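Q: Next comes the structure file query-v2.pdb, holding PDB, C-alpha atoms.
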ATOM      1  CA  MET A   1     -25.607   3.170   7.847
ATOM      2  CA  ILE A   2     -22.799   1.120   9.299
ATOM      3  CA  HIS A   3     -20.112   0.253   6.782
ATOM      4  CA  PRO A   4     -17.753  -2.536   7.906
ATOM      5  CA  TYR A   5     -14.863  -1.545   5.611
ATOM      6  CA  PRO A   6     -12.653   1.518   5.310
ATOM      7  CA  PRO A   7     -14.056   4.000   2.799
ATOM      8  CA  LEU A   8     -11.637   3.979  -0.141
ATOM      9  CA  LEU A   9     -13.231   1.401  -2.462
ATOM     10  CA  THR A  10     -16.708   2.784  -1.809
ATOM     11  CA  MET A  11     -15.509   6.316  -2.553
ATOM     12  CA  VAL A  12     -13.738   5.234  -5.764
ATOM     13  CA  LEU A  13     -16.824   3.371  -6.963
ATOM     14  CA  SER A  14     -19.016   6.358  -6.129
ATOM     15  CA  PHE A  15     -16.743   8.613  -8.171
ATOM     16  CA  ILE A  16     -16.687   6.190 -11.124
ATOM     17  CA  PHE A  17     -20.469   5.776 -11.058
ATOM     18  CA  LYS A  18     -20.975   9.542 -10.984
ATOM     19  CA  ILE A  19     -18.865   9.870 -14.128
ATOM     20  CA  PHE A  20     -20.076   6.855 -16.117
ATOM     21  CA  GLY A  21     -23.494   6.192 -14.599
ATOM     22  CA  TYR A  22     -24.880   3.495 -12.342
ATOM     23  CA  LYS A  23     -24.813   0.616 -14.795
ATOM     24  CA  PRO A  24     -23.716  -2.996 -14.286
ATOM     25  CA  ILE A  25     -21.332  -2.762 -17.250
ATOM     26  CA  VAL A  26     -19.424   0.042 -15.479
ATOM     27  CA  LEU A  27     -18.856  -2.179 -12.459
ATOM     28  CA  LYS A  28     -17.941  -5.119 -14.692
ATOM     29  CA  LEU A  29     -15.388  -3.057 -16.654
ATOM     30  CA  PHE A  30     -13.887  -1.673 -13.445
ATOM     31  CA  THR A  31     -13.532  -5.218 -12.102
ATOM     32  CA  TRP A  32     -11.960  -6.466 -15.315
ATOM     33  CA  MET A  33      -9.487  -3.564 -15.193
ATOM     34  CA  LEU A  34      -8.510  -4.612 -11.662
ATOM     35  CA  ILE A  35      -8.054  -8.215 -12.780
ATOM     36  CA  LEU A  36      -5.969  -7.138 -15.784
ATOM     37  CA  THR A  37      -3.826  -4.952 -13.530
ATOM     38  CA  VAL A  38      -3.221  -7.928 -11.239
ATOM     39  CA  ASP A  39      -2.253 -10.055 -14.249
ATOM     40  CA  VAL A  40       0.324  -7.511 -15.409
ATOM     41  CA  LEU A  41       1.747  -7.088 -11.904
ATOM     42  CA  ILE A  42       2.084 -10.838 -11.401
ATOM     43  CA  PHE A  43       4.027 -11.072 -14.651
ATOM     44  CA  PHE A  44       6.421  -8.263 -13.646
ATOM     45  CA  ILE A  45       6.931  -9.571 -10.101
ATOM     46  CA  ALA A  46       7.637 -13.077 -11.413
ATOM     47  CA  LYS A  47      10.041 -11.612 -13.960
ATOM     48  CA  LEU A  48      11.802  -9.612 -11.232
ATOM     49  CA  LEU A  49      12.112 -12.697  -9.034
ATOM     50  CA  THR A  50      13.078 -15.260 -11.678
ATOM     51  CA  LYS A  51      14.710 -13.052 -14.317
ATOM     52  CA  ASN A  52      13.168 -15.476 -16.809
ATOM     53  CA  ILE A  53      10.295 -14.620 -19.156
ATOM     54  CA  LYS A  54       9.228 -18.270 -19.500
ATOM     55  CA  TYR A  55       8.729 -18.621 -15.747
ATOM     56  CA  SER A  56       6.949 -15.272 -15.672
ATOM     57  CA  VAL A  57       4.549 -16.373 -18.379
ATOM     58  CA  PHE A  58       4.016 -19.670 -16.534
ATOM     59  CA  ALA A  59       3.186 -17.778 -13.315
ATOM     60  CA  LEU A  60       0.766 -15.579 -15.219
ATOM     61  CA  ILE A  61      -0.910 -18.552 -16.927
ATOM     62  CA  PHE A  62      -1.246 -20.292 -13.551
ATOM     63  CA  TYR A  63      -2.869 -17.212 -12.021
ATOM     64  CA  VAL A  64      -5.190 -16.639 -14.991
ATOM     65  CA  ALA A  65      -6.258 -20.294 -14.841
ATOM     66  CA  THR A  66      -6.995 -20.215 -11.111
ATOM     67  CA  GLN A  67      -8.304 -16.654 -10.732
ATOM     68  CA  PRO A  68     -11.927 -17.394 -11.717
ATOM     69  CA  PHE A  69     -12.063 -20.078  -9.009
ATOM     70  CA  LEU A  70     -10.298 -18.015  -6.362
ATOM     71  CA  ASP A  71     -11.796 -14.554  -6.940
ATOM     72  CA  GLY A  72     -14.496 -14.975  -9.534
ATOM     73  CA  ASN A  73     -15.205 -12.296 -12.078
ATOM     74  CA  MET A  74     -16.890  -9.941  -9.681
ATOM     75  CA  LEU A  75     -15.710  -7.173  -7.408
ATOM     76  CA  TRP A  76     -14.907  -8.094  -3.839
ATOM     77  CA  PHE A  77     -13.035  -5.984  -1.332
ATOM     78  CA  ASP A  78     -10.492  -8.815  -1.270
ATOM     79  CA  LEU A  79      -9.928  -8.454  -5.024
ATOM     80  CA  ALA A  80      -9.614  -4.686  -4.745
ATOM     81  CA  ILE A  81      -6.705  -4.896  -2.276
ATOM     82  CA  VAL A  82      -4.619  -7.112  -4.566
ATOM     83  CA  PRO A  83      -3.306  -4.416  -6.992
ATOM     84  CA  PRO A  84      -1.969  -2.095  -4.261
ATOM     85  CA  ILE A  85      -0.485  -5.059  -2.368
ATOM     86  CA  LEU A  86       1.247  -6.302  -5.516
ATOM     87  CA  LEU A  87       2.491  -2.791  -6.285
ATOM     88  CA  ALA A  88       3.865  -2.553  -2.743
ATOM     89  CA  THR A  89       5.508  -5.956  -3.183
ATOM     90  CA  LEU A  90       7.068  -4.832  -6.457
ATOM     91  CA  PHE A  91       8.610  -1.772  -4.796
ATOM     92  CA  ILE A  92       9.862  -3.832  -1.833
ATOM     93  CA  LEU A  93      11.498  -6.368  -4.145
ATOM     94  CA  LYS A  94      13.296  -3.668  -6.095
ATOM     95  CA  LYS A  95      16.339  -2.174  -4.452
ATOM     96  CA  PRO A  96      15.008  -1.326  -0.965
ATOM     97  CA  SER A  97      15.843   2.382  -1.083
ATOM     98  CA  ASN A  98      14.101   4.924   1.134
ATOM     99  CA  LYS A  99      12.000   6.107  -1.820
ATOM    100  CA  ASN A 100      10.949   2.600  -2.893
ATOM    101  CA  LEU A 101      10.058   1.616   0.662
ATOM    102  CA  PHE A 102       8.041   4.798   1.179
ATOM    103  CA  ILE A 103       6.110   4.186  -2.067
ATOM    104  CA  ALA A 104       5.554   0.556  -1.026
ATOM    105  CA  GLY A 105       4.226   1.819   2.303
ATOM    106  CA  LEU A 106       1.828   4.164   0.521
ATOM    107  CA  PHE A 107       0.477   1.254  -1.507
ATOM    108  CA  PHE A 108       0.092  -0.842   1.647
ATOM    109  CA  GLY A 109      -1.760   2.107   3.157
ATOM    110  CA  VAL A 110      -4.070   2.318   0.134
ATOM    111  CA  ALA A 111      -4.783  -1.406   0.468
ATOM    112  CA  ALA A 112      -5.558  -0.957   4.172
ATOM    113  CA  LEU A 113      -7.984   1.856   3.312
ATOM    114  CA  ILE A 114      -9.819  -0.656   1.120
ATOM    115  CA  LYS A 115      -9.826  -3.517   3.641
ATOM    116  CA  GLN A 116      -8.121  -3.732   7.030
ATOM    117  CA  THR A 117      -6.725  -7.231   6.461
ATOM    118  CA  ALA A 118      -4.127  -5.668   4.164
ATOM    119  CA  GLY A 119      -2.241  -4.846   7.362
ATOM    120  CA  ILE A 120      -1.121  -8.479   7.438
ATOM    121  CA  PHE A 121       0.820  -7.886   4.228
ATOM    122  CA  LEU A 122       2.513  -4.808   5.708
ATOM    123  CA  ILE A 123       3.627  -6.913   8.671
ATOM    124  CA  THR A 124       4.853  -9.626   6.300
ATOM    125  CA  GLY A 125       6.779  -7.006   4.311
ATOM    126  CA  VAL A 126       8.444  -5.700   7.466
ATOM    127  CA  LEU A 127       9.380  -9.233   8.537
ATOM    128  CA  TRP A 128      10.812  -9.977   5.091
ATOM    129  CA  LEU A 129      12.881  -6.782   5.176
ATOM    130  CA  LEU A 130      14.168  -7.701   8.627
ATOM    131  CA  SER A 131      15.125 -11.161   7.358
ATOM    132  CA  GLU A 132      17.010  -9.457   4.506
ATOM    133  CA  LYS A 133      18.928  -7.408   7.103
ATOM    134  CA  VAL A 134      17.556  -4.058   5.901
ATOM    135  CA  GLU A 135      18.288  -1.197   8.312
ATOM    136  CA  ILE A 136      15.517  -0.361  10.781
ATOM    137  CA  LYS A 137      15.689   3.273   9.665
ATOM    138  CA  LYS A 138      14.812   2.218   6.102
ATOM    139  CA  ILE A 139      11.952   0.075   7.380
ATOM    140  CA  GLY A 140      10.642   3.247   9.018
ATOM    141  CA  TYR A 141      10.058   4.646   5.547
ATOM    142  CA  LEU A 142       7.821   1.664   4.818
ATOM    143  CA  ILE A 143       5.769   2.375   7.942
ATOM    144  CA  LEU A 144       5.579   6.107   7.176
ATOM    145  CA  GLY A 145       3.317   5.640   4.124
ATOM    146  CA  PRO A 146       0.445   3.871   5.911
ATOM    147  CA  ALA A 147       0.879   6.174   8.915
ATOM    148  CA  ILE A 148       0.329   9.273   6.748
ATOM    149  CA  LEU A 149      -2.747   7.768   5.063
ATOM    150  CA  GLY A 150      -4.057   6.617   8.452
ATOM    151  CA  LEU A 151      -3.716  10.156   9.796
ATOM    152  CA  VAL A 152      -5.630  11.517   6.797
ATOM    153  CA  LEU A 153      -8.421   9.022   7.522
ATOM    154  CA  MET A 154      -8.452   9.952  11.207
ATOM    155  CA  VAL A 155      -8.730  13.666  10.390
ATOM    156  CA  ARG A 156     -11.636  12.913   8.054
ATOM    157  CA  LEU A 157     -13.393  10.794  10.682
ATOM    158  CA  ILE A 158     -12.904  13.489  13.333
ATOM    159  CA  THR A 159     -14.208  16.276  11.058
ATOM    160  CA  GLU A 160     -17.273  14.163  10.211
ATOM    161  CA  GLY A 161     -17.876  13.405  13.885
ATOM    162  CA  ALA A 162     -17.706   9.693  13.168
ATOM    163  CA  LEU A 163     -15.609   8.935  16.250
ATOM    164  CA  GLY A 164     -17.980  10.553  18.715
ATOM    165  CA  GLY A 165     -20.059   8.452  21.084
TER     166      GLY A 165
END
What's the structure tokens form of this structure?

A:
Amino acid sequence: MIHPYPPLLTMVLSFIFKIFGYKPIVLKLFTWMLILTVDVLIFFIAKLLTKNIKYSVFALIFYVATQPFLDGNMLWFDLAIVPPILLATLFILKKPSNKNLFIAGLFFGVAALIKQTAGIFLITGVLWLLSEKVEIKKIGYLILGPAILGLVLMVRLITEGALGG
């Protein structure tokens, strides 16, 4: 079988289905949990940016109103990358310390292991940090997270013989 996406979402779903059974309600609940997580993260990011609860609630209401049209109420790989990308964004927007940037990088790496297009958000994060005049050394901590997770994936692919011709 050829699988066009990195393995993380498939592995997580496999694990969840093994625990709770292969039932549509399990997938539906998992998807709703992702959507709820996104809702909470949008509220906190808006609150961090605006420092105003009213604007944060407005941002959340706007997202909740548009989410069914943009994502639907079903699981897509594109929906699954949103929570780790928002978590990475939250850590980047906090004080850009080495620890926060490393954690943000790990979340970007998790998103990339769900769908490769998440790499665009890592690049955007690096460009934003550069525009904020953050030291290159600190930006290295952001890159370190996805690099470590990428190496773990490469080791797995090599041990499975998936890279052979």

Q: When you look at Phe43 in chain A with a cut-off of 7 Å (counting all atoms listed in the file), what residues show up, excluding the ones that are within fewer than 3 positions of it in the same chain? I need them as a list in words.

A: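 What passes the distance filter is Asp39, Val40, Ala46, Lys47, Ser56, Val57, Ala59 and Leu60 of chain A.
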
Q: One number please: CA of Glu132 in chain A to CA of Leu101 in chain A, in Å, one decimal.

A: 13.6 Å

Q: When distances are computed from only C-alpha atoms, which of A:Ile35, A:Ile61, A:Val26, A:Leu106 shows the smallest separation from Asn73 in chain A?

A: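 Answer, going by the shortest atom-to-atom distance: A:Ile35.
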
Q: Using only C-alpha atoms, which residues of range 76-110 of chain A come within 9 Å of range 115-128 of chain A, and what is the closest atom pair for each, with the distance in Å to one decimal? Give it as JSON lines, sorted by chain and residue number.

A:
{"residue": "A:Phe77", "atom": "CA", "partner": "A:Lys115", "partner_atom": "CA", "distance": 6.4}
{"residue": "A:Asp78", "atom": "CA", "partner": "A:Lys115", "partner_atom": "CA", "distance": 7.3}
{"residue": "A:Ala80", "atom": "CA", "partner": "A:Lys115", "partner_atom": "CA", "distance": 8.5}
{"residue": "A:Ile81", "atom": "CA", "partner": "A:Lys115", "partner_atom": "CA", "distance": 6.8}
{"residue": "A:Val82", "atom": "CA", "partner": "A:Ala118", "partner_atom": "CA", "distance": 8.9}
{"residue": "A:Ile85", "atom": "CA", "partner": "A:Phe121", "partner_atom": "CA", "distance": 7.3}
{"residue": "A:Ala88", "atom": "CA", "partner": "A:Gly125", "partner_atom": "CA", "distance": 8.8}
{"residue": "A:Thr89", "atom": "CA", "partner": "A:Gly125", "partner_atom": "CA", "distance": 7.7}
{"residue": "A:Ile92", "atom": "CA", "partner": "A:Gly125", "partner_atom": "CA", "distance": 7.6}
{"residue": "A:Gly105", "atom": "CA", "partner": "A:Leu122", "partner_atom": "CA", "distance": 7.6}
{"residue": "A:Phe108", "atom": "CA", "partner": "A:Leu122", "partner_atom": "CA", "distance": 6.2}
{"residue": "A:Gly109", "atom": "CA", "partner": "A:Gly119", "partner_atom": "CA", "distance": 8.1}
{"residue": "A:Val110", "atom": "CA", "partner": "A:Lys115", "partner_atom": "CA", "distance": 8.9}

Q: Could you give me, as a list of chain:residue names, the residues within 6 Å of Ile114 in chain A, counting only C-alpha atoms and dropping anything in the same chain fewer than 2 positions from it?

A: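 Close residues of Ile114 in chain A: A:Pro6, A:Leu8, A:Leu9, A:Ala111, A:Ala112.
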
Q: Take the residues that were just selected and, keeping C-alpha atoms, output them as a CSV table (one decimal), in the coordinates of the input.

A:
chain,number,residue,atom,x,y,z
A,6,PRO,CA,-12.7,1.5,5.3
A,8,LEU,CA,-11.6,4.0,-0.1
A,9,LEU,CA,-13.2,1.4,-2.5
A,111,ALA,CA,-4.8,-1.4,0.5
A,112,ALA,CA,-5.6,-1.0,4.2

Q: Please indicate the distance in Å from CA of Leu75 in chain A to CA of Thr31 in chain A, rounded to one decimal place.

A: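 Computing it gives 5.5 Å between the two atoms.
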
Q: I'd like to see the residues matched by the PyMOL selection byres ((chain A and resi 95) around 12) on this file, and ideally I'd get them as an mmCIF file with C-alpha atoms, in the frame of the given file.

A:
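What follows is the written file out-v5.cif:
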data_model
loop_
_atom_site.group_PDB
_atom_site.id
_atom_site.type_symbol
_atom_site.label_atom_id
_atom_site.label_comp_id
_atom_site.auth_asym_id
_atom_site.auth_seq_id
_atom_site.Cartn_x
_atom_site.Cartn_y
_atom_site.Cartn_z
ATOM 1 C CA LEU A 48 11.802 -9.612 -11.232
ATOM 2 C CA THR A 89 5.508 -5.956 -3.183
ATOM 3 C CA LEU A 90 7.068 -4.832 -6.457
ATOM 4 C CA PHE A 91 8.610 -1.772 -4.796
ATOM 5 C CA ILE A 92 9.862 -3.832 -1.833
ATOM 6 C CA LEU A 93 11.498 -6.368 -4.145
ATOM 7 C CA LYS A 94 13.296 -3.668 -6.095
ATOM 8 C CA PRO A 96 15.008 -1.326 -0.965
ATOM 9 C CA SER A 97 15.843 2.382 -1.083
ATOM 10 C CA ASN A 98 14.101 4.924 1.134
ATOM 11 C CA LYS A 99 12.000 6.107 -1.820
ATOM 12 C CA ASN A 100 10.949 2.600 -2.893
ATOM 13 C CA LEU A 101 10.058 1.616 0.662
ATOM 14 C CA ALA A 104 5.554 0.556 -1.026
ATOM 15 C CA LEU A 129 12.881 -6.782 5.176
ATOM 16 C CA GLU A 132 17.010 -9.457 4.506
ATOM 17 C CA VAL A 134 17.556 -4.058 5.901
ATOM 18 C CA LYS A 138 14.812 2.218 6.102
#

Q: Please, what distance in Å, to one decimal, runs between CA of Trp32 in chain A and CA of Ile19 in chain A?

A: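 Computed distance, CA of Trp32 in chain A to CA of Ile19 in chain A, equals 17.8 Å.
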
Q: Using all atoms listed in the file, find the one residue out of A:Ile139, A:Leu157, A:Ile103, A:Leu86 that sits nearest to Thr37 in chain A.

A: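 Looking at the shortest contact to Thr37 in chain A, the residue is A:Leu86.
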
Q: Which residue gives the smallest distance to Leu36 in chain A among A:Ile148, A:Leu163, A:Val64, A:Ile143, with all atoms listed in the file counted?

A: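 Nearest candidate to Leu36 in chain A out of A:Ile148, A:Leu163, A:Val64, A:Ile143: A:Val64.
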
Q: Of the candidates A:Ala65, A:Leu27, A:Leu113, A:Leu13, which shows the shortest atom-to-atom distance to Leu153 in chain A, using all atoms listed in the file?

A: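 Among the listed residues, the smallest separation from Leu153 in chain A belongs to A:Leu113.
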
Q: Select range 41-63 of chain A in the preceding structure and write N, CA and C atoms to a file as a PDB file, in the first residue's frame.

A:
ATOM      1  N   LEU A  41      -7.444  26.863  21.606  1.00  0.00           N
ATOM      2  CA  LEU A  41      -6.171  27.475  21.228  1.00  0.00           C
ATOM      3  C   LEU A  41      -6.376  28.820  20.534  1.00  0.00           C
ATOM      4  N   ILE A  42      -7.390  28.918  19.701  1.00  0.00           N
ATOM      5  CA  ILE A  42      -7.672  30.198  19.046  1.00  0.00           C
ATOM      6  C   ILE A  42      -8.005  31.260  20.092  1.00  0.00           C
ATOM      7  N   PHE A  43      -8.800  30.890  21.076  1.00  0.00           N
ATOM      8  CA  PHE A  43      -9.130  31.838  22.141  1.00  0.00           C
ATOM      9  C   PHE A  43      -7.864  32.319  22.850  1.00  0.00           C
ATOM     10  N   PHE A  44      -6.982  31.385  23.238  1.00  0.00           N
ATOM     11  CA  PHE A  44      -5.780  31.776  23.986  1.00  0.00           C
ATOM     12  C   PHE A  44      -4.801  32.576  23.135  1.00  0.00           C
ATOM     13  N   ILE A  45      -4.668  32.228  21.858  1.00  0.00           N
ATOM     14  CA  ILE A  45      -3.771  32.995  20.984  1.00  0.00           C
ATOM     15  C   ILE A  45      -4.319  34.406  20.777  1.00  0.00           C
ATOM     16  N   ALA A  46      -5.624  34.521  20.559  1.00  0.00           N
ATOM     17  CA  ALA A  46      -6.227  35.849  20.401  1.00  0.00           C
ATOM     18  C   ALA A  46      -6.081  36.661  21.683  1.00  0.00           C
ATOM     19  N   LYS A  47      -6.221  36.006  22.815  1.00  0.00           N
ATOM     20  CA  LYS A  47      -6.065  36.708  24.096  1.00  0.00           C
ATOM     21  C   LYS A  47      -4.613  37.169  24.287  1.00  0.00           C
ATOM     22  N   LEU A  48      -3.668  36.323  23.891  1.00  0.00           N
ATOM     23  CA  LEU A  48      -2.252  36.692  23.990  1.00  0.00           C
ATOM     24  C   LEU A  48      -1.935  37.873  23.073  1.00  0.00           C
ATOM     25  N   LEU A  49      -2.512  37.876  21.887  1.00  0.00           N
ATOM     26  CA  LEU A  49      -2.229  38.943  20.928  1.00  0.00           C
ATOM     27  C   LEU A  49      -2.933  40.251  21.275  1.00  0.00           C
ATOM     28  N   THR A  50      -4.197  40.160  21.699  1.00  0.00           N
ATOM     29  CA  THR A  50      -4.981  41.379  21.917  1.00  0.00           C
ATOM     30  C   THR A  50      -5.014  41.835  23.365  1.00  0.00           C
ATOM     31  N   LYS A  51      -4.743  40.901  24.279  1.00  0.00           N
ATOM     32  CA  LYS A  51      -4.854  41.170  25.717  1.00  0.00           C
ATOM     33  C   LYS A  51      -6.253  41.670  26.084  1.00  0.00           C
ATOM     34  N   ASN A  52      -7.247  41.194  25.342  1.00  0.00           N
ATOM     35  CA  ASN A  52      -8.624  41.629  25.529  1.00  0.00           C
ATOM     36  C   ASN A  52      -9.542  40.413  25.365  1.00  0.00           C
ATOM     37  N   ILE A  53     -10.302  40.106  26.397  1.00  0.00           N
ATOM     38  CA  ILE A  53     -11.171  38.923  26.359  1.00  0.00           C
ATOM     39  C   ILE A  53     -12.284  39.101  25.330  1.00  0.00           C
ATOM     40  N   LYS A  54     -12.804  40.313  25.171  1.00  0.00           N
ATOM     41  CA  LYS A  54     -13.877  40.533  24.199  1.00  0.00           C
ATOM     42  C   LYS A  54     -13.416  40.206  22.785  1.00  0.00           C
ATOM     43  N   TYR A  55     -12.220  40.660  22.422  1.00  0.00           N
ATOM     44  CA  TYR A  55     -11.693  40.359  21.092  1.00  0.00           C
ATOM     45  C   TYR A  55     -11.410  38.859  20.942  1.00  0.00           C
ATOM     46  N   SER A  56     -10.975  38.253  22.022  1.00  0.00           N
ATOM     47  CA  SER A  56     -10.696  36.813  21.991  1.00  0.00           C
ATOM     48  C   SER A  56     -11.973  36.020  21.774  1.00  0.00           C
ATOM     49  N   VAL A  57     -13.021  36.420  22.447  1.00  0.00           N
ATOM     50  CA  VAL A  57     -14.316  35.755  22.264  1.00  0.00           C
ATOM     51  C   VAL A  57     -14.823  35.993  20.841  1.00  0.00           C
ATOM     52  N   PHE A  58     -14.647  37.220  20.331  1.00  0.00           N
ATOM     53  CA  PHE A  58     -15.055  37.516  18.961  1.00  0.00           C
ATOM     54  C   PHE A  58     -14.301  36.635  17.962  1.00  0.00           C
ATOM     55  N   ALA A  59     -12.988  36.482  18.149  1.00  0.00           N
ATOM     56  CA  ALA A  59     -12.197  35.620  17.268  1.00  0.00           C
ATOM     57  C   ALA A  59     -12.694  34.179  17.328  1.00  0.00           C
ATOM     58  N   LEU A  60     -12.996  33.725  18.522  1.00  0.00           N
ATOM     59  CA  LEU A  60     -13.500  32.365  18.692  1.00  0.00           C
ATOM     60  C   LEU A  60     -14.863  32.198  18.019  1.00  0.00           C
ATOM     61  N   ILE A  61     -15.755  33.159  18.220  1.00  0.00           N
ATOM     62  CA  ILE A  61     -17.083  33.080  17.591  1.00  0.00           C
ATOM     63  C   ILE A  61     -16.948  33.081  16.066  1.00  0.00           C
ATOM     64  N   PHE A  62     -16.045  33.913  15.544  1.00  0.00           N
ATOM     65  CA  PHE A  62     -15.828  33.950  14.097  1.00  0.00           C
ATOM     66  C   PHE A  62     -15.345  32.588  13.593  1.00  0.00           C
ATOM     67  N   TYR A  63     -14.393  31.991  14.304  1.00  0.00           N
ATOM     68  CA  TYR A  63     -13.887  30.686  13.882  1.00  0.00           C
ATOM     69  C   TYR A  63     -14.979  29.624  13.976  1.00  0.00           C
TER      70      TYR A  63
END
